$ cat entry33.cif   # mmCIF, C-alpha atoms
data_protein
#
loop_
_atom_site.label_atom_id
_atom_site.label_comp_id
_atom_site.auth_asym_id
_atom_site.auth_seq_id
_atom_site.Cartn_x
_atom_site.Cartn_y
_atom_site.Cartn_z
CA MET A 1 51.03 68.02 140.80
CA SER A 2 47.78 69.88 140.08
CA LEU A 3 48.68 70.14 136.38
CA VAL A 4 49.66 67.53 133.80
CA THR A 5 51.13 68.13 130.34
CA SER A 6 49.70 66.89 127.08
CA ASP A 7 52.77 64.67 126.67
CA TRP A 8 52.10 63.03 130.03
CA LEU A 9 48.42 62.52 129.27
CA GLU A 10 49.07 61.02 125.84
CA ASN A 11 51.35 58.43 127.48
CA ASN A 12 48.83 57.65 130.24
CA LEU A 13 45.43 57.74 128.55
CA ASP A 14 44.62 54.19 129.59
CA LYS A 15 45.45 54.85 133.26
CA VAL A 16 43.14 57.79 133.99
CA LYS A 17 39.52 58.94 133.96
CA LEU A 18 39.16 61.88 131.59
CA ILE A 19 36.62 64.67 132.08
CA ASP A 20 35.71 67.48 129.69
CA CYS A 21 34.32 70.30 131.85
CA SER A 22 33.98 72.99 129.21
CA TRP A 23 31.66 75.79 130.29
CA HIS A 24 31.24 79.12 128.56
CA MET A 25 29.95 82.51 129.67
CA PRO A 26 26.38 83.01 128.35
CA ASN A 27 27.37 86.03 126.25
CA VAL A 28 29.76 84.01 124.04
CA LYS A 29 26.90 81.76 122.85
CA ARG A 30 28.86 78.51 122.89
CA ASN A 31 27.67 75.16 124.19
CA GLY A 32 30.28 72.98 125.90
CA TYR A 33 28.35 69.73 125.51
CA GLU A 34 27.65 70.26 121.81
CA GLU A 35 31.35 70.93 121.27
CA TYR A 36 32.21 67.78 123.22
CA LEU A 37 29.97 65.72 120.94
CA LYS A 38 31.88 66.99 117.92
CA GLU A 39 35.39 66.47 119.27
CA HIS A 40 37.08 65.29 122.45
CA ILE A 41 40.09 63.34 123.67
CA PRO A 42 39.45 59.56 123.46
CA GLY A 43 37.95 58.13 126.63
CA THR A 44 36.52 61.44 127.84
CA ILE A 45 33.22 61.87 129.67
CA PHE A 46 31.42 65.22 129.92
CA PHE A 47 30.83 67.11 133.17
CA ASP A 48 28.02 69.69 132.95
CA LEU A 49 28.80 72.46 135.46
CA ASP A 50 25.31 73.94 135.27
CA LYS A 51 23.50 70.61 135.56
CA TYR A 52 25.75 69.25 138.30
CA SER A 53 25.39 72.22 140.65
CA ASP A 54 22.87 72.90 143.41
CA ALA A 55 19.46 73.03 141.75
CA ASN A 56 17.78 74.52 144.84
CA THR A 57 19.28 78.00 144.59
CA ASP A 58 19.17 80.85 142.11
CA LEU A 59 22.94 81.27 142.46
CA PRO A 60 25.04 79.73 139.67
CA HIS A 61 27.43 76.80 140.17
CA MET A 62 26.87 76.36 143.89
CA LEU A 63 28.12 73.08 145.33
CA PRO A 64 25.48 70.34 145.52
CA ASN A 65 24.92 68.36 148.72
CA PRO A 66 27.13 65.28 149.30
CA THR A 67 24.38 62.78 148.42
CA THR A 68 23.73 64.48 145.10
CA TRP A 69 27.48 64.61 144.41
CA GLU A 70 27.74 60.88 145.04
CA GLU A 71 24.92 60.25 142.58
CA ILE A 72 26.51 62.52 139.95
CA VAL A 73 29.99 61.02 140.15
CA SER A 74 28.68 57.46 140.35
CA SER A 75 26.65 58.08 137.18
CA LEU A 76 29.89 59.15 135.48
CA GLY A 77 31.55 55.85 136.39
CA ILE A 78 34.25 57.42 138.55
CA SER A 79 35.54 55.63 141.66
CA ASN A 80 37.21 57.09 144.74
CA ASN A 81 40.64 55.73 143.83
CA ASP A 82 40.60 56.89 140.20
CA ARG A 83 43.21 59.30 138.88
CA ILE A 84 41.19 62.07 137.23
CA ILE A 85 42.37 64.41 134.49
CA ILE A 86 40.07 67.34 133.76
CA TYR A 87 40.27 69.64 130.75
CA ASP A 88 38.19 72.25 128.98
CA ASN A 89 37.98 74.31 125.83
CA SER A 90 36.89 77.45 127.62
CA ASP A 91 38.24 80.97 127.95
CA VAL A 92 37.53 80.85 131.70
CA LEU A 93 39.35 77.54 132.40
CA SER A 94 36.23 75.90 133.80
CA SER A 95 38.18 72.67 134.38
CA CYS A 96 39.63 74.28 137.51
CA ARG A 97 36.17 74.51 139.06
CA CYS A 98 35.62 70.79 138.54
CA TRP A 99 39.07 70.18 140.08
CA TYR A 100 37.98 72.17 143.14
CA ASN A 101 34.65 70.31 143.41
CA PHE A 102 36.36 66.93 143.55
CA ILE A 103 38.80 68.10 146.23
CA TYR A 104 35.96 69.66 148.25
CA PHE A 105 34.11 66.35 148.27
CA GLY A 106 37.15 64.46 149.48
CA HIS A 107 38.81 62.98 146.40
CA ASN A 108 42.53 62.59 147.08
CA GLN A 109 44.01 65.89 145.82
CA ASN A 110 47.02 63.98 144.52
CA LEU A 111 44.70 62.12 142.15
CA VAL A 112 42.93 65.15 140.62
CA HIS A 113 44.67 67.11 137.88
CA VAL A 114 43.97 69.66 135.16
CA LEU A 115 45.39 69.35 131.65
CA ASN A 116 47.64 72.37 131.15
CA GLY A 117 46.50 74.21 128.03
CA GLY A 118 43.32 72.17 127.73
CA LEU A 119 41.78 70.82 124.55
CA LYS A 120 42.92 73.77 122.45
CA LYS A 121 46.58 73.01 123.06
CA TRP A 122 45.98 69.26 122.59
CA ILE A 123 44.44 69.89 119.16
CA SER A 124 47.14 72.39 118.16
CA GLU A 125 49.70 69.63 118.74
CA ASN A 126 47.83 67.33 116.34
CA ARG A 127 47.01 64.80 119.02
CA LEU A 128 44.21 62.27 118.64
CA THR A 129 40.57 63.31 119.11
CA THR A 130 37.31 61.48 118.47
CA LYS A 131 33.52 61.82 118.27
CA ASN A 132 32.97 58.41 119.84
CA LEU A 133 31.19 58.49 123.18
CA THR A 134 32.73 56.70 126.12
CA LYS A 135 30.83 53.76 127.58
CA ILE A 136 30.12 54.43 131.24
CA ILE A 137 29.80 51.72 133.86
CA LYS A 138 28.11 53.15 136.94
CA SER A 139 30.26 53.19 140.07
CA ASN A 140 29.54 53.56 143.79
CA TYR A 141 31.28 56.83 144.67
CA ARG A 142 31.44 58.11 148.25
CA ALA A 143 31.87 61.77 149.20
CA PHE A 144 33.82 63.02 152.22
CA GLU A 145 32.87 66.69 152.41
CA LYS A 146 35.52 69.21 153.50
CA LYS A 147 33.35 72.10 154.66
CA GLU A 148 36.38 74.18 155.62
CA LEU A 149 37.14 74.65 151.92
CA VAL A 150 34.14 76.91 151.29
CA LYS A 151 33.10 80.27 152.74
CA ASN A 152 29.63 81.79 152.87
CA LYS A 153 28.48 85.42 152.81
CA LEU A 154 28.20 85.64 156.59
CA GLU A 155 31.84 84.60 156.98
CA ILE A 156 32.93 87.02 154.26
CA ASP A 157 31.09 89.91 155.94
CA LYS A 158 32.49 89.06 159.38
CA ASN A 159 36.02 88.92 157.99
CA ILE A 160 35.84 92.54 156.80
CA SER A 161 36.38 93.57 160.42
CA THR A 162 38.20 90.53 161.87
CA LYS A 163 40.60 90.20 158.89
CA LYS A 164 41.36 86.53 159.64
CA PHE A 165 41.82 85.70 155.97
CA ASN A 166 42.43 87.55 152.72
CA VAL A 167 39.91 87.57 149.88
CA ILE A 168 41.33 87.66 146.36
CA ASP A 169 39.05 88.37 143.40
CA ALA A 170 39.75 86.75 140.02
CA ARG A 171 37.66 89.17 137.95
CA SER A 172 39.13 91.88 135.76
CA ILE A 173 40.37 95.13 137.30
CA GLU A 174 37.54 96.99 135.55
CA ARG A 175 34.89 94.78 137.13
CA PHE A 176 36.63 94.78 140.51
CA GLU A 177 36.78 98.57 140.58
CA GLY A 178 33.19 98.88 139.40
CA LYS A 179 34.09 100.70 136.19
CA ILE A 180 32.00 98.43 133.96
CA THR A 181 28.62 96.74 134.23
CA GLU A 182 28.52 93.17 135.49
CA PRO A 183 27.68 90.60 132.78
CA ARG A 184 25.00 89.01 134.96
CA LYS A 185 21.73 90.88 135.40
CA GLY A 186 20.67 92.08 138.83
CA LEU A 187 24.19 92.73 140.13
CA ARG A 188 25.72 96.03 141.14
CA SER A 189 29.27 96.85 140.11
CA GLY A 190 32.19 96.77 142.53
CA SER A 191 33.88 94.35 144.91
CA ILE A 192 34.03 93.08 148.49
CA LYS A 193 35.47 95.60 150.95
CA ASN A 194 39.17 95.03 151.75
CA SER A 195 39.52 92.37 149.06
CA PHE A 196 42.36 92.19 146.54
CA CYS A 197 42.25 91.77 142.77
CA LEU A 198 44.32 89.34 140.73
CA PRO A 199 42.70 88.76 137.33
CA PHE A 200 42.95 85.08 136.48
CA THR A 201 44.11 85.98 132.97
CA ASP A 202 47.32 87.40 134.49
CA LEU A 203 48.33 83.83 135.36
CA LEU A 204 48.01 82.45 131.84
CA ASN A 205 50.21 82.37 128.76
CA SER A 206 48.81 83.08 125.29
CA ASP A 207 48.26 79.33 124.74
CA ARG A 208 46.14 79.13 127.94
CA THR A 209 48.81 77.28 129.88
CA PHE A 210 49.76 78.57 133.32
CA ILE A 211 52.77 80.85 133.62
CA SER A 212 55.80 79.51 135.50
CA ASN A 213 55.66 79.06 139.26
CA ASP A 214 58.15 81.89 139.78
CA LYS A 215 55.94 84.25 137.80
CA ILE A 216 52.83 83.07 139.66
CA LEU A 217 54.52 83.96 142.94
CA GLU A 218 55.47 87.37 141.55
CA LYS A 219 51.85 88.03 140.58
CA PHE A 220 50.59 87.16 144.05
CA LYS A 221 53.25 89.29 145.71
CA ALA A 222 52.47 92.21 143.40
CA ILE A 223 48.96 92.67 144.81
CA LYS A 224 50.56 93.30 148.23
CA CYS A 225 48.42 90.72 149.97
CA ASP A 226 49.73 89.00 153.11
CA LEU A 227 50.38 85.48 151.85
CA ASN A 228 50.91 84.24 155.41
CA LYS A 229 47.17 84.49 155.99
CA ASN A 230 44.73 81.95 154.63
CA LEU A 231 43.62 82.89 151.12
CA ILE A 232 40.00 82.78 149.99
CA PHE A 233 39.23 83.18 146.30
CA THR A 234 36.18 84.77 144.74
CA CYS A 235 35.02 85.89 141.27
CA GLY A 236 31.71 86.24 139.44
CA SER A 237 30.20 82.79 139.97
CA GLY A 238 32.91 80.57 141.44
CA ILE A 239 34.55 79.49 138.18
CA THR A 240 37.66 81.66 137.77
CA ALA A 241 38.16 81.81 141.55
CA SER A 242 39.14 78.16 141.15
CA VAL A 243 41.76 79.16 138.57
CA LEU A 244 43.48 81.28 141.23
CA ALA A 245 43.14 78.45 143.75
CA LEU A 246 44.82 75.98 141.41
CA ALA A 247 47.55 78.46 140.54
CA TYR A 248 48.29 79.06 144.22
CA SER A 249 48.44 75.31 144.83
CA LEU A 250 51.31 75.20 142.35
CA ILE A 251 53.47 77.44 144.55
CA ASP A 252 52.24 76.12 147.92
CA ASN A 253 51.70 72.39 147.89
CA LYS A 254 50.15 72.50 151.38
CA TYR A 255 47.41 74.89 150.29
CA MET A 256 43.90 73.49 150.11
CA PRO A 257 41.68 75.44 147.67
CA THR A 258 39.14 77.58 149.49
CA ILE A 259 36.38 79.43 147.63
CA TYR A 260 33.63 81.91 148.47
CA ASP A 261 31.06 79.83 146.61
CA GLY A 262 28.43 82.54 146.17
CA SER A 263 31.04 84.99 144.85
CA TRP A 264 29.82 88.26 143.32
CA SER A 265 26.64 86.57 142.02
CA GLU A 266 25.55 86.54 145.66
CA TYR A 267 27.49 89.44 147.17
CA GLY A 268 26.71 91.88 144.38
CA LYS A 269 22.94 91.48 144.45
CA PHE A 270 20.98 94.72 144.62
#
$ encode --input "entry33.cif" --output "structure tokens"
Amino acid sequence: MSLVTSDWLENNLDKVKLIDCSWHMPNVKRNGYEEYLKEHIPGTIFFDLDKYSDANTDLPHMLPNPTTWEEIVSSLGISNNDRIIIYDNSDVLSSCRCWYNFIYFGHNQNLVHVLNGGLKKWISENRLTTKNLTKIIKSNYRAFEKKELVKNKLEIDKNISTKKFNVIDARSIERFEGKITEPRKGLRSGSIKNSFCLPFTDLLNSDRTFISNDKILEKFKAIKCDLNKNLIFTCGSGITASVLALAYSLIDNKYMPTIYDGSWSEYGKF
């Protein structure tokens, strides 16, 4: 159950830890934290994807080390046995990246969920929001890193010849095929050799909810990728790759989300 509905959340607000992980592409000139301060679901804390990533690299949104992750999550007042619901108000469904981070660092995957449709759907249904900030009581969180859930550039390069896993890119077809300039400076256009493309937007309805499981399976089959191999997801900076990972977890409950963390921000460097 990677997703929860707004009905479910409204009936269980007092039983979960709520996280707003809104993050926006730089070109849209929106600030997730400022938006959170103006309006959020009661009881929500804010997760800053930029701030809570590895500060010792020029690559965006790279996973921090386990000690840093423990400090981050403890400062948010989240405990290892908490049920966590993550949402966003972002076009790129940044909540899915936060979902992946928690699973990577060992939080029980059955206790980490994304709100289907996010804040936009919640507001459209006239559900309660607030400006009041949530009081945080620091916890003592412990990380249990699952290193097998991330791939690095060396592994991606080696796989081009060994073909032990399939790489699926969540960017648009135009970006994947190198027909348009990358939004981040210093990157060439194109994609990883032998990878497949499934734009994350193909898995979403107009209200930003996920399409049905049957349709998700159809989309994965349509790219003619061998689904019997392990699937590794990539994108521009590791955000929308997590959207594909969550979507695939909906049709394969044994799948553990695996991401090429550097994504095209690393692979596409000149």
$ residues_around --input "entry33.cif" --residues "A:Ser263" --least-positions-apart "6" --cutoff "9 Å" --atoms "all atoms listed in the file" --output "VMD selection string"
chain A and resid 152 to 153 169 233 to 238 241
$ closest_residue --input "entry33.cif" --among "A:Leu133, A:Leu149, A:Leu203, A:Ile180" --to "A:Thr258" --atoms "all atoms listed in the file"
A:Leu149
$ residues_around --input "entry33.cif" --residues "A:Leu250" --least-positions-apart "4" --cutoff "12 Å" --atoms "all atoms listed in the file" --output "list in words"
Met1, Ser2, Leu3, Val4, His113, Val114, Leu203, Phe210, Ile211, Ser212, Asn213, Asp214, Lys215, Ile216, Leu217, Val243, Leu244, Ala245, Leu246, Lys254, Tyr255, Met256 and Pro257 of chain A
$ closest_residue --input "entry33.cif" --among "A:Glu125, A:Ser139, A:Glu174, A:Lys193" --to "A:Asp157" --atoms "only C-alpha atoms"
A:Lys193
$ resolve_selection --input "entry33.cif" --expression "the PyMOL selection byres ((chain A and resi 21) around 10)" --output "MDAnalysis selection string"
chainID A and resid 18:20 22:24 32:33 36 44:49 86:90 93:99
$ atom_distance --input "entry33.cif" --atom1 "atom CA of A:Ile251" --atom2 "atom CA of A:Gly117"
18.2 Å
$ resolve_selection --input "entry33.cif" --expression "the PyMOL selection byres ((chain A and resi 155) around 12)" --output "PyMOL selection string"
chain A and resi 148+150-154+156-167+232+259-262+267
$ atom_distance --input "entry33.cif" --atom1 "atom CA of A:Leu115" --atom2 "atom CA of A:Thr209"
8.8 Å
$ atom_distance --input "entry33.cif" --atom1 "atom CA of A:Ser249" --atom2 "atom CA of A:Lys224"
18.4 Å
$ closest_residue --input "entry33.cif" --among "A:Glu35, A:Ile41, A:Leu59, A:Lys221" --to "A:Asn126" --atoms "all atoms listed in the file"
A:Ile41
$ closest_atom_pairs --input "entry33.cif" --of "stretch 7-57 of chain A" --to "stretch 71-82 of chain A" --cutoff "8 Å" --atoms "all atoms listed in the file" --output "JSON lines"
{"residue": "A:Val16", "atom": "CA", "partner": "A:Asp82", "partner_atom": "CA", "distance": 6.8}
{"residue": "A:Lys17", "atom": "CA", "partner": "A:Asp82", "partner_atom": "CA", "distance": 6.7}
{"residue": "A:Ile45", "atom": "CA", "partner": "A:Leu76", "partner_atom": "CA", "distance": 7.2}
{"residue": "A:Tyr52", "atom": "CA", "partner": "A:Ile72", "partner_atom": "CA", "distance": 7.0}
$ closest_residue --input "entry33.cif" --among "A:Arg83, A:Lys38, A:Lys15, A:Lys51" --to "A:Trp69" --atoms "all atoms listed in the file"
A:Lys51
$ closest_residue --input "entry33.cif" --among "A:Gly268, A:Pro26, A:Pro60, A:Pro42" --to "A:Lys135" --atoms "all atoms listed in the file"
A:Pro42
$ residues_near_point --input "entry33.cif" --point "(45.3, 57.5, 124.2)" --cutoff "10 Å" --atoms "only C-alpha atoms" --output "count of residues only"
13
$ residues_near_point --input "entry33.cif" --point "(22.1, 86.4, 136.8)" --cutoff "12 Å" --atoms "all atoms listed in the file" --output "list in words"
Met25, Pro26, Asn27, Thr57, Asp58, Leu59, Pro60, His61, Glu182, Pro183, Arg184, Lys185, Gly186, Leu187, Arg188, Gly236, Ser237, Gly262, Trp264, Ser265, Glu266, Gly268, Lys269 and Phe270 of chain A
$ closest_residue --input "entry33.cif" --among "A:Thr240, A:Gln109, A:Asn228, A:Ser189" --to "A:Ile84" --atoms "all atoms listed in the file"
A:Gln109
$ resolve_selection --input "entry33.cif" --expression "the PyMOL selection byres ((chain A and resi 64) around 6)" --output "list in words"
Ser53, Asp54, Leu63 and Asn65 of chain A
